[in-house]
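See below for upload20.cif, which holds mmCIF, C-alpha atoms.
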```
data_start
#
loop_
_atom_site.label_atom_id
_atom_site.label_comp_id
_atom_site.auth_asym_id
_atom_site.auth_seq_id
_atom_site.Cartn_x
_atom_site.Cartn_y
_atom_site.Cartn_z
CA MET A 421 -2.35 -12.29 -29.16
CA GLU A 422 -3.32 -15.87 -28.30
CA HIS A 423 -1.84 -15.43 -24.81
CA LEU A 424 -3.77 -12.18 -24.37
CA ASP A 425 -6.97 -13.96 -25.44
CA THR A 426 -6.33 -16.58 -22.75
CA LEU A 427 -5.88 -13.91 -20.08
CA ARG A 428 -9.02 -12.17 -21.31
CA ALA A 429 -11.03 -15.40 -21.14
CA LEU A 430 -9.87 -15.91 -17.54
CA GLY A 431 -11.12 -12.49 -16.50
CA LEU A 432 -8.12 -10.15 -16.71
CA PHE A 433 -10.16 -7.30 -18.21
CA ASP A 434 -13.48 -8.00 -16.51
CA ALA A 435 -12.79 -9.15 -12.96
CA ARG A 436 -12.90 -6.69 -10.09
CA VAL A 437 -11.09 -8.17 -7.13
CA PRO A 438 -9.26 -6.98 -3.99
CA ARG A 439 -5.61 -5.91 -4.08
CA TYR A 440 -5.02 -8.23 -1.09
CA THR A 441 -2.98 -5.88 1.04
CA SER A 442 -4.77 -7.71 3.85
CA TYR A 443 -6.89 -10.80 4.30
CA PRO A 444 -9.73 -10.62 5.01
CA THR A 445 -10.13 -7.31 3.18
CA ALA A 446 -11.49 -4.16 4.83
CA PRO A 447 -15.07 -4.41 3.44
CA VAL A 448 -15.47 -7.54 5.59
CA PHE A 449 -14.74 -5.66 8.81
CA SER A 450 -17.62 -5.46 11.28
CA PRO A 451 -18.64 -2.69 13.72
CA ASP A 452 -19.00 -5.45 16.31
CA VAL A 453 -15.19 -5.48 16.57
CA GLY A 454 -13.99 -2.10 17.81
CA SER A 455 -12.16 -0.29 20.57
CA GLY A 456 -12.69 -3.03 23.17
CA PHE A 457 -11.01 -5.61 20.98
CA GLN A 458 -8.35 -3.03 20.11
CA ALA A 459 -7.53 -2.40 23.77
CA ASP A 460 -7.33 -6.11 24.64
CA ALA A 461 -5.17 -6.89 21.60
CA LEU A 462 -2.77 -4.02 22.30
CA ALA A 463 -2.43 -5.00 25.96
CA ALA A 464 -1.64 -8.60 24.97
CA LEU A 465 1.31 -7.70 22.72
CA ASP A 466 4.67 -9.30 23.47
CA PRO A 467 7.03 -6.47 24.52
CA ALA A 468 9.98 -8.49 23.22
CA GLN A 469 8.65 -8.23 19.64
CA PRO A 470 9.03 -4.81 17.93
CA VAL A 471 5.98 -3.43 16.17
CA SER A 472 5.41 -1.32 13.08
CA VAL A 473 3.55 1.97 13.40
CA TYR A 474 1.54 3.66 10.64
CA LEU A 475 0.44 7.24 11.13
CA HIS A 476 -2.16 8.82 8.82
CA ILE A 477 -2.20 12.54 7.98
CA PRO A 478 -5.49 13.06 6.06
CA PHE A 479 -4.84 16.62 4.80
CA CYS A 480 -3.83 17.97 1.39
CA GLU A 481 -3.60 21.51 0.02
CA ARG A 482 -4.86 20.13 -3.28
CA LEU A 483 -7.03 17.07 -3.84
CA CYS A 484 -5.69 15.13 -6.82
CA TRP A 485 -8.59 13.76 -8.83
CA PHE A 486 -7.17 10.26 -9.32
CA CYS A 487 -6.64 9.62 -5.60
CA ALA A 488 -9.00 7.34 -3.65
CA CYS A 489 -7.28 7.80 -0.28
CA ARG A 490 -9.02 9.16 2.81
CA THR A 491 -8.08 12.84 2.54
CA GLN A 492 -9.54 16.31 2.88
CA GLY A 493 -8.44 19.66 1.55
CA THR A 494 -7.25 22.59 3.63
CA GLN A 495 -5.63 25.92 2.83
CA THR A 496 -4.68 26.70 6.44
CA LEU A 497 -2.66 24.94 9.12
CA SER A 498 -5.29 25.37 11.82
CA PRO A 499 -7.10 22.03 11.30
CA VAL A 500 -3.77 20.28 10.80
CA GLU A 501 -2.37 21.56 14.09
CA SER A 502 -5.58 20.59 15.87
CA TYR A 503 -5.34 17.09 14.37
CA ILE A 504 -1.78 16.74 15.64
CA GLY A 505 -3.13 17.42 19.11
CA THR A 506 -5.62 14.58 18.65
CA LEU A 507 -2.85 12.25 17.48
CA GLU A 508 -0.90 13.12 20.61
CA ALA A 509 -3.94 12.22 22.70
CA GLU A 510 -4.34 8.92 20.80
CA LEU A 511 -0.67 8.14 21.35
CA ALA A 512 -1.11 8.76 25.07
CA LEU A 513 -4.05 6.31 25.14
CA VAL A 514 -2.03 3.70 23.25
CA ALA A 515 0.96 4.19 25.52
CA LYS A 516 -1.22 3.48 28.58
CA THR A 517 -2.57 0.30 26.93
CA ILE A 518 0.49 -1.43 25.49
CA PRO A 519 2.88 -3.42 27.72
CA ALA A 520 5.92 -1.65 29.13
CA GLY A 521 9.06 -2.02 27.07
CA LEU A 522 7.38 -2.33 23.66
CA ARG A 523 9.58 -0.92 20.89
CA MET A 524 8.95 0.39 17.38
CA GLY A 525 10.79 -1.36 14.54
CA ARG A 526 9.20 0.61 11.69
CA LEU A 527 7.41 3.93 11.40
CA HIS A 528 5.60 5.14 8.29
CA TRP A 529 3.80 8.46 7.78
CA GLY A 530 1.18 8.38 5.05
CA GLY A 531 -1.77 10.39 3.89
CA GLY A 532 -2.91 12.66 2.55
CA THR A 533 0.22 14.70 2.53
CA PRO A 534 2.48 14.25 5.57
CA THR A 535 4.74 16.98 4.19
CA ILE A 536 1.96 19.50 4.73
CA LEU A 537 3.44 19.66 8.25
CA PRO A 538 5.91 22.51 8.86
CA PRO A 539 9.16 21.69 10.69
CA HIS A 540 7.87 22.52 14.17
CA LEU A 541 4.91 20.13 13.78
CA ILE A 542 7.18 17.44 12.32
CA HIS A 543 9.35 17.61 15.43
CA ARG A 544 6.35 17.74 17.74
CA LEU A 545 4.64 14.70 16.19
CA ALA A 546 7.81 12.63 15.90
CA GLY A 547 8.60 13.35 19.53
CA ALA A 548 5.14 12.18 20.61
CA VAL A 549 5.45 8.92 18.67
CA LYS A 550 8.88 8.14 20.10
CA ALA A 551 7.73 8.94 23.62
CA ALA A 552 4.79 6.53 23.31
CA ILE A 553 6.65 3.70 21.53
CA PRO A 554 10.44 4.20 21.59
CA PRO A 555 12.39 3.14 18.50
CA ALA A 556 14.19 -0.18 18.48
CA ASP A 557 17.80 -0.44 17.34
CA GLY A 558 18.06 -0.21 13.55
CA TRP A 559 14.52 1.09 13.12
CA GLU A 560 13.24 2.41 9.79
CA PHE A 561 11.31 5.67 9.39
CA SER A 562 9.69 6.23 5.99
CA VAL A 563 7.55 9.14 4.83
CA GLU A 564 5.31 9.73 1.80
CA ILE A 565 6.40 12.98 0.19
CA ASP A 566 4.66 15.29 -2.28
CA PRO A 567 7.50 17.12 -4.08
CA THR A 568 5.25 20.16 -4.58
CA MET A 569 4.58 20.34 -0.83
CA VAL A 570 8.06 20.04 0.63
CA ASP A 571 11.19 22.13 1.01
CA ARG A 572 14.67 21.60 2.41
CA ALA A 573 13.64 22.75 5.91
CA LYS A 574 10.92 20.07 6.10
CA ILE A 575 13.25 17.40 4.72
CA ASP A 576 15.95 18.37 7.22
CA ALA A 577 13.41 18.18 10.06
CA LEU A 578 12.31 14.69 8.98
CA ALA A 579 15.92 13.54 8.61
CA ALA A 580 16.74 14.91 12.05
CA GLU A 581 13.90 12.79 13.46
CA GLY A 582 15.33 9.68 11.82
CA MET A 583 13.71 9.46 8.38
CA ASN A 584 15.88 7.09 6.37
CA ARG A 585 13.54 6.17 3.52
CA ALA A 586 11.31 8.41 1.42
CA SER A 587 8.53 7.67 -1.05
CA ILE A 588 7.64 10.34 -3.59
CA GLY A 589 4.48 10.44 -5.63
CA ILE A 590 5.01 11.04 -9.33
CA GLN A 591 2.20 9.17 -11.17
CA ASP A 592 3.17 10.53 -14.64
CA PHE A 593 5.37 13.39 -15.87
CA ASP A 594 3.39 14.23 -19.00
CA PRO A 595 1.71 17.68 -18.66
CA GLU A 596 -1.53 16.60 -20.39
CA VAL A 597 -1.86 13.54 -18.18
CA GLN A 598 -1.14 15.63 -15.08
CA ALA A 599 -3.79 18.20 -16.06
CA ALA A 600 -6.32 15.41 -16.59
CA ILE A 601 -5.82 14.08 -13.04
CA GLY A 602 -5.51 17.42 -11.23
CA ARG A 603 -1.87 16.98 -10.28
CA GLU A 604 0.61 19.37 -11.86
CA GLN A 605 4.14 18.39 -10.88
CA PRO A 606 6.96 19.44 -13.23
CA TYR A 607 10.06 17.30 -13.48
CA ASP A 608 12.36 20.07 -12.22
CA ILE A 609 10.42 20.36 -8.94
CA THR A 610 10.64 16.60 -8.46
CA ARG A 611 14.35 16.65 -9.32
CA ALA A 612 14.97 19.36 -6.73
CA CYS A 613 13.10 17.33 -4.11
CA VAL A 614 15.22 14.26 -4.84
CA ASP A 615 18.41 16.31 -4.66
CA ASP A 616 17.35 17.68 -1.26
CA LEU A 617 16.54 14.17 0.00
CA ARG A 618 19.92 12.85 -1.10
CA ALA A 619 21.70 15.86 0.44
CA ALA A 620 19.90 15.10 3.72
CA GLY A 621 21.34 11.59 3.70
CA ILE A 622 18.34 9.62 2.42
CA THR A 623 19.74 6.50 0.77
CA SER A 624 16.48 4.65 0.07
CA LEU A 625 14.08 6.35 -2.33
CA ASN A 626 10.84 4.95 -3.76
CA CYS A 627 8.92 6.49 -6.67
CA ASP A 628 5.19 5.84 -7.16
CA LEU A 629 3.93 5.67 -10.74
CA VAL A 630 0.45 4.93 -12.09
CA TYR A 631 -0.55 3.36 -15.40
CA GLY A 632 -4.02 3.50 -16.92
CA LEU A 633 -4.40 7.27 -16.47
CA PRO A 634 -6.26 9.47 -18.96
CA HIS A 635 -4.32 10.38 -22.11
CA GLN A 636 -1.46 8.01 -21.31
CA THR A 637 0.16 6.51 -24.40
CA ASP A 638 3.06 4.14 -24.99
CA ALA A 639 5.35 7.06 -25.83
CA ARG A 640 4.28 9.11 -22.83
CA ILE A 641 4.76 6.36 -20.26
CA ALA A 642 8.14 5.51 -21.82
CA ASP A 643 9.18 9.15 -21.44
CA THR A 644 7.97 9.20 -17.82
CA VAL A 645 9.95 6.03 -17.01
CA ALA A 646 13.05 7.51 -18.67
CA LYS A 647 12.74 10.65 -16.52
CA VAL A 648 12.22 8.55 -13.37
CA LEU A 649 15.39 6.60 -14.12
CA THR A 650 17.37 9.86 -14.08
CA LEU A 651 16.28 10.26 -10.44
CA ALA A 652 18.07 6.96 -9.62
CA PRO A 653 15.51 5.60 -7.12
CA GLU A 654 16.15 2.35 -5.28
CA ARG A 655 12.52 1.22 -5.61
CA ILE A 656 9.55 1.68 -7.90
CA ALA A 657 5.86 1.07 -7.27
CA LEU A 658 3.88 0.80 -10.53
CA PHE A 659 0.19 0.80 -9.66
CA GLY A 660 -2.79 0.40 -11.96
CA TYR A 661 -5.17 3.35 -11.73
CA ALA A 662 -8.31 2.27 -9.88
CA HIS A 663 -11.22 4.22 -11.33
CA VAL A 664 -13.79 3.95 -8.51
CA PRO A 665 -15.86 7.16 -8.63
CA TRP A 666 -18.55 5.48 -6.50
CA VAL A 667 -15.94 5.47 -3.70
CA ALA A 668 -13.88 8.57 -4.50
CA LYS A 669 -16.27 11.27 -5.71
CA ARG A 670 -13.41 13.47 -6.97
CA GLN A 671 -12.72 10.89 -9.67
CA LYS A 672 -15.89 12.09 -11.40
CA LEU A 673 -13.75 15.02 -12.58
CA ILE A 674 -11.77 12.59 -14.74
CA ASP A 675 -12.98 12.11 -18.32
CA GLU A 676 -13.68 8.39 -18.60
CA ASN A 677 -13.48 8.64 -22.39
CA ALA A 678 -9.80 9.60 -22.06
CA LEU A 679 -8.91 6.45 -20.10
CA PRO A 680 -6.98 3.82 -22.09
CA GLY A 681 -8.89 0.71 -23.11
CA ASP A 682 -8.27 -2.74 -21.67
CA VAL A 683 -5.54 -3.85 -24.05
CA ALA A 684 -3.86 -0.43 -24.10
CA ARG A 685 -3.86 -0.30 -20.31
CA HIS A 686 -2.29 -3.75 -20.08
CA ARG A 687 0.33 -2.77 -22.66
CA LEU A 688 1.23 0.36 -20.66
CA SER A 689 2.02 -1.76 -17.61
CA GLU A 690 4.01 -4.26 -19.66
CA LEU A 691 6.05 -1.55 -21.40
CA ALA A 692 6.89 0.25 -18.15
CA ALA A 693 7.83 -3.01 -16.43
CA ALA A 694 10.09 -4.02 -19.32
CA GLN A 695 11.78 -0.62 -19.25
CA PHE A 696 12.54 -0.89 -15.53
CA CYS A 697 13.84 -4.45 -15.88
CA ALA A 698 16.04 -3.40 -18.79
CA ALA A 699 17.49 -0.70 -16.51
CA GLY A 700 18.54 -3.33 -13.98
CA PHE A 701 15.60 -3.37 -11.57
CA GLU A 702 14.30 -6.68 -10.21
CA PRO A 703 10.53 -7.25 -10.38
CA ILE A 704 8.99 -7.60 -6.92
CA GLY A 705 5.56 -9.20 -6.72
CA ILE A 706 2.90 -7.87 -9.06
CA ASP A 707 3.73 -4.16 -9.13
CA HIS A 708 7.04 -3.25 -7.46
CA PHE A 709 10.65 -3.10 -8.65
CA ALA A 710 13.90 -2.77 -6.71
CA ARG A 711 17.60 -2.38 -7.38
CA PRO A 712 19.64 -5.53 -6.69
CA GLY A 713 20.96 -5.25 -3.15
CA ASP A 714 18.04 -3.12 -1.97
CA GLU A 715 16.38 -4.54 1.14
CA LEU A 716 13.20 -5.30 -0.81
CA ALA A 717 15.13 -7.29 -3.43
CA LEU A 718 17.01 -9.14 -0.70
CA ALA A 719 13.73 -9.98 1.05
CA LYS A 720 12.39 -11.42 -2.19
CA ASP A 721 15.53 -13.48 -2.79
CA GLN A 722 15.55 -14.78 0.79
CA GLY A 723 11.83 -15.59 1.00
CA ARG A 724 11.13 -12.78 3.49
CA LEU A 725 8.92 -10.58 1.29
CA ARG A 726 5.70 -9.43 2.95
CA ARG A 727 2.60 -7.57 1.82
CA ASN A 728 0.79 -4.94 3.87
CA PHE A 729 -1.39 -1.87 3.40
CA GLN A 730 1.44 0.06 1.73
CA GLY A 731 2.17 -2.76 -0.74
CA TYR A 732 5.29 -4.95 -0.67
CA THR A 733 7.66 -4.64 2.24
CA ALA A 734 10.62 -6.27 3.96
CA ASP A 735 9.04 -5.44 7.33
CA SER A 736 9.37 -8.44 9.64
CA CYS A 737 7.17 -7.04 12.41
CA ALA A 738 4.10 -9.20 13.00
CA THR A 739 2.08 -6.30 14.43
CA LEU A 740 1.15 -2.99 12.80
CA ILE A 741 -0.37 -0.27 14.99
CA GLY A 742 -2.39 2.23 12.95
CA LEU A 743 -2.80 5.77 14.26
CA GLY A 744 -5.03 8.54 12.97
CA ALA A 745 -8.34 8.65 11.13
CA SER A 746 -9.10 5.53 9.03
CA SER A 747 -5.84 3.77 9.98
CA ILE A 748 -5.94 -0.01 10.23
CA SER A 749 -4.05 -2.00 12.84
CA ARG A 750 -2.94 -5.56 12.12
CA LEU A 751 -2.81 -7.32 15.47
CA PRO A 752 -2.10 -10.98 16.31
CA ALA A 753 -5.80 -11.64 16.93
CA GLY A 754 -7.16 -9.69 13.96
CA TYR A 755 -7.67 -6.27 12.39
CA VAL A 756 -9.20 -3.09 13.70
CA GLN A 757 -9.77 0.17 11.82
CA ASN A 758 -10.03 3.58 13.42
CA ALA A 759 -13.11 5.66 12.66
CA ALA A 760 -12.69 6.67 9.02
CA ALA A 761 -14.12 10.19 9.09
CA THR A 762 -11.76 12.66 10.71
CA ALA A 763 -14.54 14.21 12.80
CA ALA A 764 -15.67 10.81 14.10
CA TYR A 765 -12.08 9.85 14.89
CA ILE A 766 -11.52 13.08 16.83
CA GLN A 767 -14.78 12.59 18.74
CA ARG A 768 -13.73 9.13 19.93
CA ILE A 769 -10.29 10.27 21.08
CA GLU A 770 -11.73 13.33 22.84
CA ALA A 771 -14.07 10.97 24.68
CA GLY A 772 -10.99 9.25 26.09
CA GLN A 773 -11.35 5.99 24.17
CA LEU A 774 -9.36 4.27 21.48
CA ALA A 775 -10.63 5.05 17.98
CA GLY A 776 -11.28 1.50 16.71
CA ALA A 777 -14.66 1.46 14.97
CA ARG A 778 -14.71 -1.77 12.98
CA GLY A 779 -12.58 -4.85 12.59
CA HIS A 780 -12.31 -8.60 12.23
CA VAL A 781 -11.24 -11.34 14.64
CA MET A 782 -9.16 -13.95 12.83
CA SER A 783 -10.20 -17.59 12.86
CA ALA A 784 -7.71 -20.38 12.25
CA ASP A 785 -9.07 -20.68 8.71
CA ASP A 786 -8.54 -16.93 8.20
CA LEU A 787 -4.93 -17.21 9.34
CA MET A 788 -4.30 -20.12 6.99
CA ARG A 789 -5.85 -18.38 3.98
CA ALA A 790 -4.05 -15.12 4.81
CA ASP A 791 -0.75 -17.03 4.74
CA ALA A 792 -1.63 -18.74 1.45
CA ILE A 793 -2.71 -15.51 -0.23
CA GLU A 794 0.40 -13.66 0.97
CA MET A 795 2.58 -16.47 -0.38
CA LEU A 796 0.87 -16.21 -3.75
CA MET A 797 1.06 -12.41 -3.89
CA CYS A 798 4.73 -12.36 -2.86
CA GLU A 799 6.19 -15.52 -4.40
CA PHE A 800 3.62 -16.59 -7.05
CA ALA A 801 3.58 -19.93 -5.26
CA ILE A 802 1.86 -21.54 -2.28
CA ASP A 803 3.97 -23.80 -0.09
CA ARG A 804 1.47 -26.55 0.78
CA ALA A 805 3.97 -28.39 2.99
CA ALA A 806 4.57 -25.30 5.12
CA LEU A 807 0.82 -24.73 5.49
CA ARG A 808 0.24 -28.35 6.51
CA ALA A 809 2.98 -28.04 9.13
CA ARG A 810 1.27 -24.94 10.56
CA TYR A 811 -2.41 -25.82 10.24
CA GLY A 812 -2.65 -29.60 9.96
CA ASP A 813 -6.02 -31.03 8.91
CA LEU A 814 -7.41 -27.53 8.35
CA THR A 815 -5.59 -27.42 5.01
CA ALA A 816 -8.06 -29.94 3.53
CA SER A 817 -10.46 -27.12 2.61
CA LEU A 818 -7.62 -25.19 1.01
CA ASP A 819 -6.56 -28.28 -0.95
CA ARG A 820 -10.00 -28.37 -2.55
CA ASP A 821 -9.65 -24.74 -3.60
CA LEU A 822 -6.20 -25.39 -5.07
CA ALA A 823 -7.60 -28.24 -7.14
CA GLN A 824 -10.32 -25.93 -8.44
CA ILE A 825 -7.71 -23.29 -9.30
CA THR A 826 -5.79 -25.90 -11.30
CA ALA A 827 -8.92 -26.86 -13.20
CA ARG A 828 -9.83 -23.23 -13.90
CA PHE A 829 -6.43 -21.82 -14.83
CA GLY A 830 -5.07 -24.88 -16.59
CA ALA A 831 -1.58 -24.63 -18.01
CA LEU A 832 -0.95 -21.30 -16.25
CA VAL A 833 -0.49 -23.12 -12.91
CA THR A 834 1.22 -26.27 -11.73
CA LEU A 835 0.19 -28.26 -8.66
CA ASP A 836 1.97 -31.07 -6.86
CA ALA A 837 1.99 -32.39 -3.30
CA GLN A 838 4.33 -29.64 -2.16
CA THR A 839 3.50 -26.48 -4.11
CA LEU A 840 1.03 -24.63 -6.27
CA THR A 841 2.93 -22.39 -8.68
CA LEU A 842 1.55 -19.60 -10.86
CA LEU A 843 3.72 -19.58 -13.98
CA PRO A 844 5.17 -16.32 -15.36
CA GLU A 845 2.72 -16.17 -18.26
CA GLY A 846 -0.17 -16.25 -15.78
CA ARG A 847 1.08 -13.71 -13.23
CA ALA A 848 -1.14 -10.94 -14.59
CA LEU A 849 -3.96 -13.00 -13.03
CA THR A 850 -2.43 -13.16 -9.54
CA ARG A 851 -5.19 -11.18 -7.81
CA ILE A 852 -7.86 -13.26 -9.57
CA VAL A 853 -6.19 -16.50 -8.47
CA ALA A 854 -5.93 -15.14 -4.92
CA SER A 855 -9.64 -14.33 -4.93
CA ALA A 856 -10.35 -18.05 -5.48
CA LEU A 857 -8.92 -18.61 -1.99
CA ASP A 858 -11.02 -15.84 -0.42
CA ALA A 859 -13.72 -17.23 1.89
CA HIS A 860 -15.04 -13.74 2.67
CA MET A 861 -15.72 -12.15 -0.73
CA PRO A 862 -18.47 -9.69 0.28
CA ASP A 863 -21.65 -9.32 -1.77
CA GLY A 864 -22.29 -5.97 -3.42
CA VAL A 865 -18.75 -4.58 -3.08
CA ARG A 866 -17.17 -3.23 -6.27
CA PHE A 867 -13.42 -3.65 -6.15
CA SER A 868 -10.87 -2.21 -8.60
CA ARG A 869 -10.17 -3.97 -11.88
CA ALA A 870 -7.71 -6.85 -11.94
CA SER A 871 -5.68 -5.60 -14.90
#
```

Using the file provided, produce a representation of the structure as structure tokens.
Amino acid sequence: MEHLDTLRALGLFDARVPRYTSYPTAPVFSPDVGSGFQADALAALDPAQPVSVYLHIPFCERLCWFCACRTQGTQTLSPVESYIGTLEAELALVAKTIPAGLRMGRLHWGGGTPTILPPHLIHRLAGAVKAAIPPADGWEFSVEIDPTMVDRAKIDALAAEGMNRASIGIQDFDPEVQAAIGREQPYDITRACVDDLRAAGITSLNCDLVYGLPHQTDARIADTVAKVLTLAPERIALFGYAHVPWVAKRQKLIDENALPGDVARHRLSELAAAQFCAAGFEPIGIDHFARPGDELALAKDQGRLRRNFQGYTADSCATLIGLGASSISRLPAGYVQNAAATAAYIQRIEAGQLAGARGHVMSADDLMRADAIEMLMCEFAIDRAALRARYGDLTASLDRDLAQITARFGALVTLDAQTLTLLPEGRALTRIVASALDAHMPDGVRFSRAS
């Protein structure tokens, strides 16, 4: 209890801070950085360096109440098919802008529900992406899959187009929890989906779980983890539920009185993590787990772990090109986000321009702090020597921040000339420690809770 009191005193249950899937974070982006910057940055890419591509499908047949993603409901395929046409037009614009010979090292389809697409639209969209940015040798194609919105024909179509990794949303298997978040998904449907994925040759499977949901208890999350283990995934993402009804209006349908309290929520995450580790998974960063030998575990062991908008990754591509409404591109010179509203995104593409609507141009200080924060989020340590080698005298301002972190977090961190290390007993505070390095914390923005 004494350790929990220390974490509480340092803000674990009170602080609201970014998840640091990017630095600076998206609320900092400015409308002064848009499609012009996007075009210049894309044209300046090195064709010898493969890029990652993220493609956003913002449609769902049902809108789960817990979700804060940019999505919209539809009961027909008409708006989906129209949107695919817009994506094809965006891809044509990107293809005319990027240098000849550029290749795609990674492709990820997210949403929304990418598996809302029937087989013919899967083939059509995949063909358009490959025509615009051909795959590099050994490329990876991953897709977010809703087991209630997929069948063997869709899985076979995705596999035929090269899908070799799948991520399925589960959240929680308990019926009462599912009813409270508007996402009914029986175990047998999920099991059938996994069986179909394995039969189609998918050898890398990720399962998304969420702790801190209404009506979750120790026994219920333990039962969910036990069921997930029977699916034999290679990776697990265990996210804390972010209750942000001021951002995601659908979350107002969730009974706040049914949400677990601070200590109970923290215990849920600890219990689930311990259960996965006991089953042989390696902890990856603050909220992922992987089987030994999985690429993510190897990246961690070899110091190659990265963090991007999907969480932890072994992706070595320096550039991420975002396609579709609200997608964010990470480019060598900075970030740019497409128009967030689907209608605004479509309007920009139909006008014959790239869809970038807001972004941020990286300064040298931004690049340094982005590196430091990514080190902390991935390795729980900041390599001061490596930063000095890259950024020279600029690290003096960061050194002051590291000294302040040591004073604030005391025995939970160690600091010497080479490294700042966040000790295991302090890792629940990782996002809070990272926020102490953030030179762009925006006023008036309410982030998700740190716990």

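The space separating CA of Glu702 (chain A) from CA of His423 (chain A) comes to 23.5 Å.
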
> Hey, what comes out of the PyMOL selection byres ((chain A and resi 481-496) around 6) on this file? Could you write it as an MDAnalysis selection string?
Replying inline: chainID A and resid 478:480 497:498 532 601:603 668 670:671

>> Can you pull out the residues contacting Pro539 (chain A)? Cut-off 7 Å, using only C-alpha atoms, and skip same-chain residues under 3 positions away; I want them as number ranges by chain.
In response: A: 542-543, 573-574, 577

Kindly export the residues of the current selection with C-alpha atoms, as a compact mmCIF listing (two decimals), in the coordinates of the input.
```txt
# COMPACT_ATOMS: atom_id res chain seq x y z
CA ILE A 542 7.18 17.44 12.32
CA HIS A 543 9.35 17.61 15.43
CA ALA A 573 13.64 22.75 5.91
CA LYS A 574 10.92 20.07 6.10
CA ALA A 577 13.41 18.18 10.06
```

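Note that the spacing between CA of Ala520 (chain A) and CA of Gly547 (chain A) amounts to 18.0 Å.
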
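In this structure, CA of Ala870 (chain A) sits 9.4 Å away from CA of Ala662 (chain A).
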
> Hey, what's within 12 Å of Trp666 (chain A) if we count all atoms listed in the file and toss same-chain stuff fewer than 5 positions away? As a list in words, please?
Replying inline: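 Those residues are Ala488, Gln671, Lys672, Val865, Arg866, Phe867 and Ser868 of chain A.
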
> From the list A:Val448, A:Ala760, A:Ala461, A:Ile609, which residue is nearest Thr739 (chain A) when using all atoms listed in the file?
Replying inline: A:Ala461

> Any idea what's packed within 6 Å of Ala777 (chain A), counting all atoms listed in the file, ignoring anything in its chain fewer than 2 positions away? Could you give it as a PyMOL selection string?
Replying inline: chain A and resi 451+454+757-759

Saved selection, atoms kept: C-alpha atoms, as a PDB file, keeping the file's coordinate frame:
```pdb
ATOM      1  CA  PRO A 451     -18.640  -2.690  13.720  1.00  0.00           C
ATOM      2  CA  GLY A 454     -13.990  -2.100  17.810  1.00  0.00           C
ATOM      3  CA  GLN A 757      -9.770   0.170  11.820  1.00  0.00           C
ATOM      4  CA  ASN A 758     -10.030   3.580  13.420  1.00  0.00           C
ATOM      5  CA  ALA A 759     -13.110   5.660  12.660  1.00  0.00           C
TER       6      ALA A 759
END
```

>> Can you pull out the residues contacting Arg851 (chain A)? Cut-off 10 Å, using all atoms listed in the file, and skip same-chain residues under 4 positions away; I want them as a ChimeraX atom specification.
In response: /A:432,435-440,706,793,796-797,847,855-856,869-871

Output C-alpha atoms for every residue in the selection just made, as a PDB file, keeping the file's coordinate frame.
```pdb
ATOM      1  CA  LEU A 432      -8.120 -10.150 -16.710  1.00  0.00           C
ATOM      2  CA  ALA A 435     -12.790  -9.150 -12.960  1.00  0.00           C
ATOM      3  CA  ARG A 436     -12.900  -6.690 -10.090  1.00  0.00           C
ATOM      4  CA  VAL A 437     -11.090  -8.170  -7.130  1.00  0.00           C
ATOM      5  CA  PRO A 438      -9.260  -6.980  -3.990  1.00  0.00           C
ATOM      6  CA  ARG A 439      -5.610  -5.910  -4.080  1.00  0.00           C
ATOM      7  CA  TYR A 440      -5.020  -8.230  -1.090  1.00  0.00           C
ATOM      8  CA  ILE A 706       2.900  -7.870  -9.060  1.00  0.00           C
ATOM      9  CA  ILE A 793      -2.710 -15.510  -0.230  1.00  0.00           C
ATOM     10  CA  LEU A 796       0.870 -16.210  -3.750  1.00  0.00           C
ATOM     11  CA  MET A 797       1.060 -12.410  -3.890  1.00  0.00           C
ATOM     12  CA  ARG A 847       1.080 -13.710 -13.230  1.00  0.00           C
ATOM     13  CA  SER A 855      -9.640 -14.330  -4.930  1.00  0.00           C
ATOM     14  CA  ALA A 856     -10.350 -18.050  -5.480  1.00  0.00           C
ATOM     15  CA  ARG A 869     -10.170  -3.970 -11.880  1.00  0.00           C
ATOM     16  CA  ALA A 870      -7.710  -6.850 -11.940  1.00  0.00           C
ATOM     17  CA  SER A 871      -5.680  -5.600 -14.900  1.00  0.00           C
TER      18      SER A 871
END
```

>> Calculated over only C-alpha atoms, which of the candidates A:Leu545, A:Met788, A:Leu857, A:Leu537 has the smallest distance to Pro499 (chain A)?
In response: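 Going through A:Leu545, A:Met788, A:Leu857, A:Leu537 one by one, the smallest distance to Pro499 (chain A) is for A:Leu537.
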
>> I want to know what sits within 12 Å of Ala652 (chain A), based on only C-alpha atoms, with residues of the same chain fewer than 5 positions away left out; could you give that as an MDAnalysis selection string?
In response: chainID A and resid 611 614:615 618 623:627 645:647 696 699:701 710:711

> Which of these residues is nearest to His708 (chain A), using only C-alpha atoms: A:Phe449, A:Tyr732, A:Phe457, A:Tyr503?
Replying inline: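 For His708 (chain A), the nearest of the given residues is A:Tyr732.
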
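With only C-alpha atoms as the atoms that count, the residue of A:Ile553, A:Ala600, A:Leu541, A:Ala546 with the shortest distance to Ala580 (chain A) is A:Ala546.
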
> Could you write out as number ranges by chain the residues that the PyMOL selection byres ((chain A and resi 565) around 6) matches in the shown file?
Replying inline: A: 535, 564, 566, 587-588

> Mind telling me what the PyMOL selection byres ((chain A and resi 682) around 12) catches here, as JSON, numbers by chain?
Replying inline: {"A": [424, 425, 427, 428, 431, 432, 433, 434, 435, 631, 632, 633, 660, 679, 680, 681, 683, 684, 685, 686, 687, 688, 689, 869, 870, 871]}

> Of the candidates A:Val500, A:Leu430, A:Ala738, A:Ala805, which shows the shortest atom-to-atom distance to Thr850 (chain A), using all atoms listed in the file?
Replying inline: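 Looking only at the distances to Thr850 (chain A), the closest residue turns out to be A:Leu430.
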